[in-house]
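The next block is query-v2.csv, given as CSV, C-alpha atoms.
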chain,number,residue,atom,x,y,z
A,1475,MET,CA,136.1,80.9,77.9
A,1476,GLY,CA,134.6,83.2,75.2
A,1477,LEU,CA,135.0,86.3,73.1
A,1478,THR,CA,136.8,89.2,74.5
A,1479,ALA,CA,135.4,92.7,74.3
A,1480,ARG,CA,137.5,93.3,71.2
A,1481,GLY,CA,136.2,90.1,69.6
A,1482,THR,CA,132.6,90.9,70.5
A,1483,GLY,CA,132.9,94.4,69.0
A,1484,LEU,CA,134.4,93.0,65.8
A,1485,LEU,CA,131.7,90.3,65.5
A,1486,VAL,CA,129.0,92.9,65.9
A,1487,ALA,CA,130.7,95.2,63.3
A,1488,ALA,CA,131.2,92.4,60.9
A,1489,THR,CA,127.6,91.3,61.1
A,1490,ALA,CA,126.4,94.9,60.6
A,1491,LEU,CA,128.7,95.4,57.6
A,1492,LEU,CA,127.8,92.1,56.0
A,1493,GLY,CA,124.1,92.8,56.4
A,1494,ALA,CA,124.4,96.3,55.1
A,1495,GLY,CA,126.4,95.2,52.1
A,1496,LEU,CA,124.0,92.5,51.1
A,1497,ARG,CA,120.9,94.7,51.8
A,1498,PHE,CA,122.0,97.8,49.9
A,1499,ALA,CA,124.2,96.0,47.3
A,1500,TYR,CA,127.6,97.4,48.5
A,1501,PRO,CA,130.1,94.6,47.8
A,1502,GLU,CA,132.9,96.5,49.6
A,1503,LEU,CA,130.9,96.5,52.9
A,1504,ALA,CA,130.0,92.8,52.4
A,1505,VAL,CA,133.7,91.9,51.9
A,1506,LEU,CA,134.7,93.8,55.1
A,1507,GLY,CA,132.0,92.1,57.0
A,1508,ALA,CA,133.0,88.7,55.7
A,1509,ALA,CA,136.7,89.4,56.6
A,1510,GLY,CA,135.7,90.3,60.1
A,1511,ALA,CA,133.6,87.2,60.6
A,1512,VAL,CA,136.5,85.0,59.2
A,1513,ALA,CA,138.9,86.7,61.6
A,1514,VAL,CA,136.6,85.9,64.6
A,1515,GLY,CA,136.1,82.3,63.4
A,1516,GLN,CA,139.9,81.9,63.0
A,1517,ALA,CA,140.5,83.3,66.5
A,1518,VAL,CA,138.0,80.8,68.0
A,1519,LEU,CA,139.6,77.8,66.2
A,1520,SER,CA,143.1,79.0,67.2
A,1521,ALA,CA,142.4,79.7,70.9
A,1522,ALA,CA,140.0,76.9,71.5
A,1523,ARG,CA,142.6,74.2,70.8
A,1524,THR,CA,143.3,72.7,74.2
A,1525,PRO,CA,147.0,72.4,75.1
A,1526,ARG,CA,148.0,69.1,76.8
A,1527,LEU,CA,149.7,70.3,80.0
A,1528,VAL,CA,150.6,68.2,83.0
A,1529,VAL,CA,151.0,70.3,86.2
A,1530,SER,CA,152.4,69.1,89.5
A,1531,ARG,CA,152.9,71.1,92.6
A,1532,THR,CA,154.9,70.8,95.8
A,1533,ALA,CA,154.6,72.9,99.0
A,1534,ASP,CA,157.9,73.2,100.9
A,1535,PRO,CA,157.0,73.0,103.7
A,1536,ASP,CA,153.2,72.4,103.8
A,1537,ARG,CA,153.0,73.1,107.6
A,1538,VAL,CA,154.6,76.3,109.0
A,1539,ALA,CA,154.1,78.7,111.9
A,1540,VAL,CA,153.0,82.3,111.3
A,1541,GLY,CA,155.8,84.3,109.7
A,1542,GLU,CA,157.9,81.3,108.7
A,1543,PRO,CA,158.8,80.9,105.0
A,1544,ALA,CA,156.9,78.6,102.7
A,1545,ARG,CA,157.3,78.2,99.0
A,1546,MET,CA,155.1,76.7,96.3
A,1547,ALA,CA,156.9,75.0,93.4
A,1548,LEU,CA,155.1,74.3,90.1
A,1549,ARG,CA,156.3,72.1,87.3
A,1550,VAL,CA,154.4,72.5,84.0
A,1551,ARG,CA,155.1,69.9,81.2
A,1552,ASN,CA,153.9,70.0,77.6
A,1553,ALA,CA,152.6,66.5,77.0
A,1554,GLY,CA,151.4,67.3,73.5
A,1555,ARG,CA,153.1,67.0,70.1
A,1556,LEU,CA,152.9,70.7,69.2
A,1557,ARG,CA,154.7,73.6,70.6
A,1558,VAL,CA,152.6,75.9,72.8
A,1559,GLY,CA,153.2,79.6,73.3
A,1560,GLY,CA,151.6,82.7,74.5
A,1561,LEU,CA,149.9,81.1,77.4
A,1562,LEU,CA,149.0,83.3,80.4
A,1563,ALA,CA,149.0,81.4,83.7
A,1564,GLU,CA,147.6,82.3,87.1
A,1565,ASP,CA,147.6,80.4,90.3
A,1566,ARG,CA,145.2,80.8,93.2
A,1567,CYS,CA,146.6,81.0,96.7
A,1568,ALA,CA,144.1,81.5,99.6
A,1569,GLY,CA,141.6,82.8,97.1
A,1570,ARG,CA,143.9,85.5,95.7
A,1571,PRO,CA,145.4,85.4,92.2
A,1572,VAL,CA,149.2,84.8,91.8
A,1573,PRO,CA,150.6,85.7,88.4
A,1574,VAL,CA,152.8,83.0,86.7
A,1575,PRO,CA,155.2,84.0,83.9
A,1576,ALA,CA,154.0,83.4,80.4
A,1577,LEU,CA,154.4,79.7,79.3
A,1578,ARG,CA,156.2,78.8,76.1
A,1579,LEU,CA,156.9,75.1,75.9
A,1580,ARG,CA,158.2,72.8,73.2
A,1581,ALA,CA,156.7,69.3,72.9
A,1582,GLY,CA,157.8,67.1,75.8
A,1583,ARG,CA,159.6,70.0,77.6
A,1584,ASP,CA,158.8,71.3,81.1
A,1585,THR,CA,159.4,74.4,83.1
A,1586,ASP,CA,159.6,75.1,86.8
A,1587,VAL,CA,157.9,78.1,88.5
A,1588,GLY,CA,157.8,79.0,92.1
A,1589,TYR,CA,156.6,81.7,94.5
A,1590,ASP,CA,156.4,82.4,98.2
A,1591,VAL,CA,153.2,81.6,100.0
A,1592,PRO,CA,151.9,84.3,102.3
A,1593,THR,CA,152.1,83.1,105.9
A,1594,ARG,CA,151.4,86.3,107.8
A,1595,ARG,CA,148.1,85.0,109.1
A,1596,ARG,CA,147.1,81.7,110.7
A,1597,GLY,CA,144.8,79.5,108.7
A,1598,VAL,CA,144.5,76.7,106.1
A,1599,LEU,CA,145.5,78.1,102.7
A,1600,PRO,CA,144.1,76.3,99.7
A,1601,VAL,CA,146.5,76.7,96.7
A,1602,GLY,CA,145.5,75.9,93.1
A,1603,PRO,CA,144.5,74.8,90.6
A,1604,LEU,CA,146.6,76.5,87.9
A,1605,ARG,CA,144.4,78.4,85.5
A,1606,VAL,CA,145.9,78.7,82.0
A,1607,THR,CA,144.5,81.2,79.5
A,1608,ARG,CA,145.1,80.8,75.7
A,1609,ARG,CA,144.5,83.8,73.4
A,1610,ASP,CA,144.7,84.2,69.7
A,1611,PRO,CA,147.3,86.7,68.3
A,1612,LEU,CA,144.6,89.4,67.8
A,1613,GLY,CA,143.1,89.1,71.3
A,1614,LEU,CA,139.7,88.3,70.0
A,1615,TYR,CA,139.0,85.1,71.9
A,1616,ALA,CA,140.3,83.7,75.2
A,1617,ALA,CA,139.9,80.1,76.6
A,1618,THR,CA,140.8,79.5,80.3
A,1619,ARG,CA,141.1,76.0,81.7
A,1620,ALA,CA,142.3,74.6,85.1
A,1621,TYR,CA,145.2,72.2,85.3
A,1622,GLY,CA,146.7,70.1,88.0
A,1623,PRO,CA,145.8,69.3,91.6
A,1624,THR,CA,145.3,71.6,94.5
A,1625,ALA,CA,147.5,71.7,97.6
A,1626,VAL,CA,146.9,72.9,101.2
A,1627,VAL,CA,149.4,74.9,103.3
A,1628,ARG,CA,148.6,75.0,107.0
A,1629,VAL,CA,149.8,78.0,108.9
A,1630,HIS,CA,150.0,77.1,112.6
A,1631,PRO,CA,150.0,79.6,115.4
A,1632,ARG,CA,153.4,80.7,116.8
A,1633,VAL,CA,154.8,78.4,119.5
A,1634,HIS,CA,156.4,80.0,122.5
A,1635,PRO,CA,158.7,77.8,124.6
A,1636,LEU,CA,157.4,76.7,128.0
A,1637,THR,CA,159.6,75.1,130.7
A,1638,ALA,CA,157.1,74.6,133.5
A,1639,VAL,CA,154.9,71.5,133.1
A,1640,PRO,CA,152.1,70.2,135.4
A,1641,THR,CA,152.7,67.6,138.0
A,1642,GLY,CA,150.7,64.4,138.1
A,1643,ALA,CA,148.0,63.6,140.6
A,1644,GLY,CA,148.3,60.4,142.7
A,1645,ARG,CA,144.9,59.5,144.2
A,1646,SER,CA,145.0,57.4,147.4
A,1647,LEU,CA,142.2,55.1,148.5
A,1648,ASP,CA,141.3,57.4,151.4
A,1649,GLY,CA,140.5,60.2,148.8
A,1650,ARG,CA,143.7,62.1,149.3
A,1651,VAL,CA,145.3,63.6,146.1
A,1652,ASP,CA,149.1,64.0,146.1
A,1653,GLY,CA,151.3,65.6,143.6
A,1654,VAL,CA,153.5,63.2,141.6
A,1655,PRO,CA,156.0,65.1,139.5
A,1656,HIS,CA,157.1,62.2,137.3
A,1657,GLY,CA,154.1,59.9,137.5
A,1658,SER,CA,154.1,56.3,138.9
A,1659,ILE,CA,153.8,52.8,137.4
A,1660,THR,CA,150.8,50.8,138.4
A,1661,PHE,CA,149.8,47.2,137.5
A,1662,ASP,CA,147.1,47.1,134.9
A,1663,SER,CA,146.5,43.6,133.4
A,1664,LEU,CA,148.1,40.3,132.3
A,1665,ARG,CA,148.5,39.2,128.7
A,1666,GLU,CA,150.2,36.3,126.8
A,1667,TYR,CA,153.9,36.4,126.2
A,1668,VAL,CA,155.1,37.4,122.8
A,1669,VAL,CA,158.6,37.1,121.4
A,1670,GLY,CA,160.6,40.1,122.5
A,1671,ASP,CA,159.1,40.6,125.9
A,1672,GLU,CA,161.5,40.9,128.8
A,1673,LEU,CA,161.5,37.8,131.0
A,1674,ARG,CA,161.6,40.0,134.2
A,1675,ARG,CA,158.0,41.0,133.3
A,1676,VAL,CA,156.7,37.4,133.3
A,1677,HIS,CA,154.3,36.6,136.1
A,1678,TRP,CA,155.5,33.1,137.0
A,1679,ARG,CA,152.7,32.2,139.4
A,1680,THR,CA,149.9,32.9,136.9
A,1681,SER,CA,152.0,31.3,134.1
A,1682,ALA,CA,152.3,28.1,136.2
A,1683,ARG,CA,148.5,28.0,136.8
A,1684,VAL,CA,147.4,28.5,133.2
A,1685,GLY,CA,150.2,26.6,131.5
A,1686,GLU,CA,151.3,29.6,129.4
A,1687,LEU,CA,153.7,32.4,129.9
A,1688,MET,CA,151.8,35.5,131.1
A,1689,VAL,CA,153.3,39.0,131.1
A,1690,ARG,CA,152.5,41.9,133.3
A,1691,GLU,CA,151.1,45.1,131.7
A,1692,ASN,CA,151.8,48.3,133.6
A,1693,VAL,CA,150.3,51.7,133.1
A,1694,ASP,CA,151.3,55.1,134.5
A,1695,THR,CA,148.0,56.2,136.0
A,1696,SER,CA,149.3,59.3,137.7
A,1697,LEU,CA,151.1,60.7,134.6
A,1698,PRO,CA,150.3,64.4,134.4
A,1699,ARG,CA,147.4,64.9,131.9
A,1700,LEU,CA,146.7,68.3,130.5
A,1701,VAL,CA,143.3,69.5,129.1
A,1702,VAL,CA,143.5,72.7,127.1
A,1703,LEU,CA,140.1,74.3,126.5
A,1704,LEU,CA,140.1,77.0,123.9
A,1705,ASP,CA,137.3,79.5,124.0
A,1706,ASN,CA,136.3,80.1,120.3
A,1707,ARG,CA,133.1,81.9,121.0
A,1708,ALA,CA,132.8,85.2,119.1
A,1709,ALA,CA,131.5,86.9,122.2
A,1710,ALA,CA,134.7,86.1,124.1
A,1711,HIS,CA,136.8,88.0,121.6
A,1712,PRO,CA,134.8,91.2,120.8
A,1713,ASP,CA,137.6,93.4,119.6
A,1714,ARG,CA,138.5,92.9,115.9
A,1715,SER,CA,140.5,94.7,113.3
A,1716,GLY,CA,140.2,93.8,109.6
A,1717,GLY,CA,138.1,90.8,110.6
A,1718,VAL,CA,140.8,89.4,112.9
A,1719,ALA,CA,140.5,89.2,116.7
A,1720,ALA,CA,143.9,89.7,118.1
A,1721,SER,CA,142.9,88.1,121.4
A,1722,PHE,CA,141.8,84.9,119.7
A,1723,GLU,CA,145.0,84.7,117.7
A,1724,ALA,CA,146.9,85.1,121.0
A,1725,ALA,CA,144.8,82.4,122.6
A,1726,CYS,CA,145.6,80.0,119.7
A,1727,GLU,CA,149.3,80.8,120.3
A,1728,ALA,CA,149.0,80.0,124.0
A,1729,ALA,CA,147.1,76.7,123.2
A,1730,ALA,CA,149.8,75.7,120.6
A,1731,SER,CA,152.6,76.4,123.1
A,1732,LEU,CA,150.9,74.2,125.8
A,1733,VAL,CA,150.3,71.4,123.3
A,1734,VAL,CA,153.9,71.4,122.0
A,1735,ALA,CA,155.3,71.6,125.5
A,1736,ALA,CA,153.3,68.6,126.5
A,1737,PHE,CA,154.4,66.6,123.5
A,1738,ARG,CA,158.0,67.4,124.1
A,1739,GLN,CA,157.6,66.1,127.7
A,1740,ASP,CA,155.8,63.0,126.5
A,1741,LEU,CA,152.7,64.1,128.5
A,1742,PRO,CA,149.1,63.2,127.5
A,1743,VAL,CA,147.3,66.4,126.3
A,1744,VAL,CA,143.8,67.0,125.0
A,1745,LEU,CA,142.7,70.0,123.0
A,1746,LEU,CA,139.0,71.0,123.2
A,1747,LEU,CA,136.9,73.8,121.9
A,1748,VAL,CA,134.0,75.5,123.6
A,1749,CYS,CA,132.1,75.3,120.4
A,1750,PRO,CA,133.4,72.2,118.7
A,1751,ALA,CA,133.6,72.0,114.9
A,1752,ASP,CA,132.2,69.0,113.1
A,1753,ASP,CA,135.6,67.8,111.9
A,1754,ALA,CA,137.6,69.1,114.8
A,1755,THR,CA,138.7,65.6,115.9
A,1756,ALA,CA,139.9,64.6,112.5
A,1757,ASP,CA,143.2,66.6,112.6
A,1758,PRO,CA,146.2,66.7,114.9
A,1759,PRO,CA,146.1,69.5,117.5
A,1760,LEU,CA,148.3,72.0,115.6
A,1761,ASP,CA,146.2,71.4,112.4
A,1762,ARG,CA,143.1,72.0,114.4
A,1763,LEU,CA,144.5,75.3,115.7
A,1764,ALA,CA,145.3,76.3,112.1
A,1765,ALA,CA,141.8,75.6,111.0
A,1766,VAL,CA,139.8,76.8,114.0
A,1767,THR,CA,137.7,79.9,113.7
A,1768,LEU,CA,135.4,82.0,115.9
A,1769,THR,CA,132.0,80.6,116.2
A,1770,ASP,CA,129.1,83.1,116.4
A,1771,LEU,CA,125.7,82.1,117.8
A,1772,PRO,CA,123.5,84.9,116.4
A,1773,GLY,CA,119.8,85.3,116.7
A,1774,ARG,CA,117.2,84.3,119.3
A,1775,ARG,CA,116.0,81.0,120.5
A,1776,PRO,CA,112.2,80.3,120.4
A,1777,ASP,CA,112.1,80.9,124.2
A,1778,GLY,CA,113.5,84.5,123.6
A,1779,ALA,CA,117.0,83.9,124.9
A,1780,THR,CA,119.6,86.4,123.6
A,1781,THR,CA,123.0,85.8,122.0
A,1782,GLY,CA,124.7,86.0,125.3
A,1783,ASP,CA,122.5,83.3,126.7
A,1784,ARG,CA,123.3,81.0,123.9
A,1785,ASP,CA,127.1,81.6,124.3
A,1786,GLY,CA,126.7,80.8,128.0
A,1787,ALA,CA,124.7,77.7,127.2
A,1788,ALA,CA,127.5,76.5,124.9
A,1789,LEU,CA,130.1,77.0,127.7
A,1790,ASP,CA,127.9,75.3,130.3
A,1791,ALA,CA,127.4,72.2,128.0
A,1792,THR,CA,131.2,71.9,127.5
A,1793,LEU,CA,131.9,72.3,131.3
A,1794,THR,CA,129.3,69.7,132.1
A,1795,ARG,CA,131.1,67.2,129.7
A,1796,LEU,CA,134.4,68.0,131.3
A,1797,ARG,CA,133.1,67.4,134.8
A,1798,ALA,CA,131.6,64.0,133.7
A,1799,ASP,CA,134.5,62.8,131.5
A,1800,ARG,CA,137.5,64.1,133.4
A,1801,PRO,CA,140.0,63.6,130.6
A,1802,GLY,CA,142.9,65.1,132.7
A,1803,ASP,CA,144.0,66.5,136.0
A,1804,THR,CA,145.1,70.0,134.9
A,1805,LEU,CA,142.5,72.2,133.1
A,1806,VAL,CA,143.7,75.3,131.2
A,1807,PHE,CA,140.9,77.6,130.0
A,1808,LEU,CA,142.0,80.1,127.3
A,1809,THR,CA,139.6,82.9,126.6
A,1810,GLY,CA,139.5,86.6,125.7
A,1811,PRO,CA,138.3,89.8,127.4
A,1812,GLY,CA,134.7,88.9,126.7
A,1813,GLY,CA,135.1,85.7,128.8
A,1814,ARG,CA,136.1,87.2,132.1
A,1815,ASP,CA,132.6,86.8,133.5
A,1816,ASP,CA,132.9,83.0,133.0
A,1817,VAL,CA,136.1,82.6,135.2
A,1818,GLY,CA,133.9,81.6,138.2
A,1819,ARG,CA,132.1,78.9,136.3
A,1820,VAL,CA,135.3,77.4,135.1
A,1821,GLY,CA,136.7,77.6,138.7
A,1822,ALA,CA,133.8,75.5,139.9
A,1823,LEU,CA,135.5,72.5,138.3
A,1824,ARG,CA,138.2,72.4,141.0
A,1825,GLY,CA,136.4,69.4,142.5
A,1826,ALA,CA,137.0,67.4,139.3
A,1827,TYR,CA,140.4,68.9,138.4
A,1828,PRO,CA,143.1,69.4,141.1
A,1829,SER,CA,144.6,72.3,139.0
A,1830,VAL,CA,142.5,74.9,137.1
A,1831,VAL,CA,144.3,77.7,135.2
A,1832,VAL,CA,142.5,80.5,133.3
A,1833,GLY,CA,144.4,82.5,130.7
A,1834,VAL,CA,142.8,85.8,129.6
A,1835,LEU,CA,144.4,86.8,126.4
A,1836,GLY,CA,144.3,90.4,125.0
A,1837,ALA,CA,143.7,91.7,128.6
A,1838,ALA,CA,144.0,95.4,129.0
A,1839,GLY,CA,144.1,95.0,132.8
A,1840,PRO,CA,143.9,92.5,135.6
A,1841,THR,CA,140.9,90.2,135.9
A,1842,PRO,CA,138.9,90.6,139.1
A,1843,GLY,CA,139.8,87.8,141.5
A,1844,ALA,CA,137.8,84.6,141.4
A,1845,ALA,CA,137.7,81.8,143.9
A,1846,GLY,CA,139.5,78.7,142.8
A,1847,PRO,CA,141.4,79.0,139.5
A,1848,VAL,CA,144.8,80.6,138.9
A,1849,VAL,CA,144.2,83.6,136.5
A,1850,LEU,CA,146.9,84.7,134.1
A,1851,ASP,CA,146.3,88.0,132.3
A,1852,ALA,CA,148.4,88.3,129.1
A,1853,VAL,CA,148.5,90.7,126.2
A,1854,ASP,CA,149.6,88.0,123.7
A,1855,GLY,CA,151.0,84.5,123.4
A,1856,ALA,CA,154.5,85.4,124.4
A,1857,ALA,CA,153.3,87.2,127.5
A,1858,PHE,CA,151.2,84.2,128.5
A,1859,ALA,CA,154.2,81.9,128.1
A,1860,ALA,CA,156.2,84.2,130.4
A,1861,ALA,CA,153.4,84.3,133.0
A,1862,TRP,CA,153.0,80.5,132.8
A,1863,ASP,CA,156.7,79.9,133.5
A,1864,ALA,CA,156.8,82.6,136.2
A,1865,THR,CA,154.0,81.0,138.1
A,1866,GLY,CA,155.9,77.6,138.2
A,1867,ARG,CA,154.8,74.0,138.2
A,1868,TRP,CA,151.1,73.4,138.9
Have the structure of the file written as structure tokens, please.
Amino acid sequence: MGLTARGTGLLVAATALLGAGLRFAYPELAVLGAAGAVAVGQAVLSAARTPRLVVSRTADPDRVAVGEPARMALRVRNAGRLRVGGLLAEDRCAGRPVPVPALRLRAGRDTDVGYDVPTRRRGVLPVGPLRVTRRDPLGLYAATRAYGPTAVVRVHPRVHPLTAVPTGAGRSLDGRVDGVPHGSITFDSLREYVVGDELRRVHWRTSARVGELMVRENVDTSLPRLVVLLDNRAAAHPDRSGGVAASFEAACEAAASLVVAAFRQDLPVVLLLVCPADDATADPPLDRLAAVTLTDLPGRRPDGATTGDRDGAALDATLTRLRADRPGDTLVFLTGPGGRDDVGRVGALRGAYPSVVVGVLGAAGPTPGAAGPVVLDAVDGAAFAAAWDATGRW
């Protein structure tokens, strides 16, 4: 909001002419200076009048995969009593300006404007608010104000179809671990009967003892549980172009494919990051994959440890938690070319997880053999999906 370059120049010239005319008794110069000053004042009064606009926006859809179409629809309504015209509007999409056609609205009327949202790259794209600029007819003064709410469009990684899913793990009392393809039902607890429960689930002996109907609660303890560990350390994805690490984007596609395949099979799945974000647990898995970024651990610690040591410490801390918590029975570690040296450390979790799979995305060649885990080298997410299905059920 303020004078334009033309308005500033006219104001300076008007001041000089008015001062010279009064100082040297030239009325013509004084009249020109006064006219210029009046023009600037009139421009300020004209452009500074705030138009009453009501802006609403809708993203259709607001969650898409990379490359899928998404459109932002704007509705601008003139809620004032006067007609507004000559308004220049500009929207903001992912930090970039998007021009909106000039707005000319009668009182009480509205207009619809739409544009395509760029979805070429994964991420969370903030859109808005609409910035409306009002200028006077001479272009001496411009006032810009923001209208309406903002919206968020989440661009998820591409999802590649997977047909092979892990099998469950049935643990016997003698310590043996057996594969259970479809899980098994196990008694868990008793609870009071509620209307709608099936009578065949009533435990009659307990009901007779306590005087109330008690119902058996069963749980599928051996249902296959999948743990997807995404390596978001910057050191694991060293090759970048234009600020984008292709291997990390491929790892996100592989993680999204595994999560979606598990959901479609009604299997429990947990998505974890080597370097967890503060708000990583607040979003669904695909939303987390849209927002996750590479985490760099620069600098040195007070004890003189280098960046590589700090990256290794972050992975060790995550693996320690996985060994203690055991949130699943199939562990899939997705990393980049810079994480090949960590395959052995991940493979050491075979004692806690019956199946350990390591996916090296963006690999230019095969990864040296490591004892324990199954290693899948893939150039991109589609190649990982093909390698996963070719290997079969875990």
For Glu1672 in chain A, the nearest of the candidates A:Leu1808, A:Leu1823, A:Met1688, A:Leu1556, counting all atoms listed in the file: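 With all atoms listed in the file as the atom set, the closest residue is A:Met1688.
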For CA of Leu1763 in chain A and CA of Ala1822 in chain A, the interatomic separation in Å (one decimal): 26.5 Å
Can you tell me, as a PDB file with C-alpha atoms, keeping the file's coordinate frame, what residues are no more than 8 Å from Thr1532 in chain A when counting all atoms listed in the file, ignoring any on the same chain fewer than 4 positions away?
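This went into out.pdb:
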ATOM      1  CA  MET A1546     155.100  76.700  96.300  1.00  0.00           C
ATOM      2  CA  ALA A1547     156.900  75.000  93.400  1.00  0.00           C
ATOM      3  CA  LEU A1548     155.100  74.300  90.100  1.00  0.00           C
ATOM      4  CA  ALA A1625     147.500  71.700  97.600  1.00  0.00           C
TER       5      ALA A1625
END
Wanna dump the range 1525-1633 of chain A-range 1698-1719 of chain A contacts at 12 Å for me, each residue with its shortest atom pair and the distance in Å to one decimal, counting all atoms listed in the file, ordered by chain and number, as JSON lines?
{"residue": "A:Arg1595", "atom": "CA", "partner": "A:Val1718", "partner_atom": "CA", "distance": 9.3}
{"residue": "A:Arg1596", "atom": "CA", "partner": "A:Val1718", "partner_atom": "CA", "distance": 10.2}
{"residue": "A:Gly1597", "atom": "CA", "partner": "A:Val1718", "partner_atom": "CA", "distance": 11.5}
Can you complete the atoms of range 1499-1505 of chain A to all heavy atoms and list them as a PDB file, in the coordinates of the input?
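Okay, this is what ended up in part-v9.pdb:
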ATOM      1  N   ALA A1499     123.397  96.335  48.474  1.00  0.00           N
ATOM      2  CA  ALA A1499     124.200  96.000  47.300  1.00  0.00           C
ATOM      3  C   ALA A1499     125.515  96.764  47.265  1.00  0.00           C
ATOM      4  O   ALA A1499     125.921  97.321  46.243  1.00  0.00           O
ATOM      5  CB  ALA A1499     123.400  96.247  46.006  1.00  0.00           C
ATOM      6  N   TYR A1500     126.204  96.816  48.418  1.00  0.00           N
ATOM      7  CA  TYR A1500     127.600  97.400  48.500  1.00  0.00           C
ATOM      8  C   TYR A1500     128.532  96.231  48.723  1.00  0.00           C
ATOM      9  O   TYR A1500     128.724  95.769  49.846  1.00  0.00           O
ATOM     10  CB  TYR A1500     127.676  98.395  49.641  1.00  0.00           C
ATOM     11  CG  TYR A1500     127.108  99.755  49.320  1.00  0.00           C
ATOM     12  CD1 TYR A1500     125.827 100.113  49.735  1.00  0.00           C
ATOM     13  CD2 TYR A1500     127.868 100.681  48.599  1.00  0.00           C
ATOM     14  CE1 TYR A1500     125.311 101.359  49.451  1.00  0.00           C
ATOM     15  CE2 TYR A1500     127.359 101.931  48.307  1.00  0.00           C
ATOM     16  CZ  TYR A1500     126.079 102.261  48.730  1.00  0.00           C
ATOM     17  OH  TYR A1500     125.556 103.500  48.432  1.00  0.00           O
ATOM     18  N   PRO A1501     129.170  95.766  47.679  1.00  0.00           N
ATOM     19  CA  PRO A1501     130.100  94.600  47.800  1.00  0.00           C
ATOM     20  C   PRO A1501     131.261  94.896  48.753  1.00  0.00           C
ATOM     21  O   PRO A1501     131.773  93.997  49.412  1.00  0.00           O
ATOM     22  CB  PRO A1501     130.513  94.297  46.417  1.00  0.00           C
ATOM     23  CG  PRO A1501     130.258  95.552  45.636  1.00  0.00           C
ATOM     24  CD  PRO A1501     129.102  96.220  46.269  1.00  0.00           C
ATOM     25  N   GLU A1502     131.716  96.165  48.757  1.00  0.00           N
ATOM     26  CA  GLU A1502     132.900  96.500  49.600  1.00  0.00           C
ATOM     27  C   GLU A1502     132.520  96.264  51.096  1.00  0.00           C
ATOM     28  O   GLU A1502     133.314  95.716  51.854  1.00  0.00           O
ATOM     29  CB  GLU A1502     133.286  97.945  49.405  1.00  0.00           C
ATOM     30  CG  GLU A1502     133.832  98.248  48.036  1.00  0.00           C
ATOM     31  CD  GLU A1502     132.725  98.508  47.027  1.00  0.00           C
ATOM     32  OE1 GLU A1502     131.528  98.417  47.428  1.00  0.00           O
ATOM     33  OE2 GLU A1502     133.048  98.764  45.859  1.00  0.00           O
ATOM     34  N   LEU A1503     131.322  96.706  51.496  1.00  0.00           N
ATOM     35  CA  LEU A1503     130.900  96.500  52.900  1.00  0.00           C
ATOM     36  C   LEU A1503     130.756  95.007  53.193  1.00  0.00           C
ATOM     37  O   LEU A1503     131.114  94.535  54.284  1.00  0.00           O
ATOM     38  CB  LEU A1503     129.596  97.225  53.163  1.00  0.00           C
ATOM     39  CG  LEU A1503     129.629  98.755  53.063  1.00  0.00           C
ATOM     40  CD1 LEU A1503     128.249  99.329  53.387  1.00  0.00           C
ATOM     41  CD2 LEU A1503     130.674  99.325  54.007  1.00  0.00           C
ATOM     42  N   ALA A1504     130.205  94.268  52.215  1.00  0.00           N
ATOM     43  CA  ALA A1504     130.000  92.800  52.400  1.00  0.00           C
ATOM     44  C   ALA A1504     131.381  92.130  52.588  1.00  0.00           C
ATOM     45  O   ALA A1504     131.537  91.221  53.412  1.00  0.00           O
ATOM     46  CB  ALA A1504     129.234  92.220  51.272  1.00  0.00           C
ATOM     47  N   VAL A1505     132.382  92.560  51.788  1.00  0.00           N
ATOM     48  CA  VAL A1505     133.700  91.900  51.900  1.00  0.00           C
ATOM     49  C   VAL A1505     134.338  92.252  53.261  1.00  0.00           C
ATOM     50  O   VAL A1505     134.929  91.381  53.912  1.00  0.00           O
ATOM     51  CB  VAL A1505     134.620  92.461  50.762  1.00  0.00           C
ATOM     52  CG1 VAL A1505     136.076  92.047  51.002  1.00  0.00           C
ATOM     53  CG2 VAL A1505     134.147  91.924  49.426  1.00  0.00           C
TER      54      VAL A1505
END
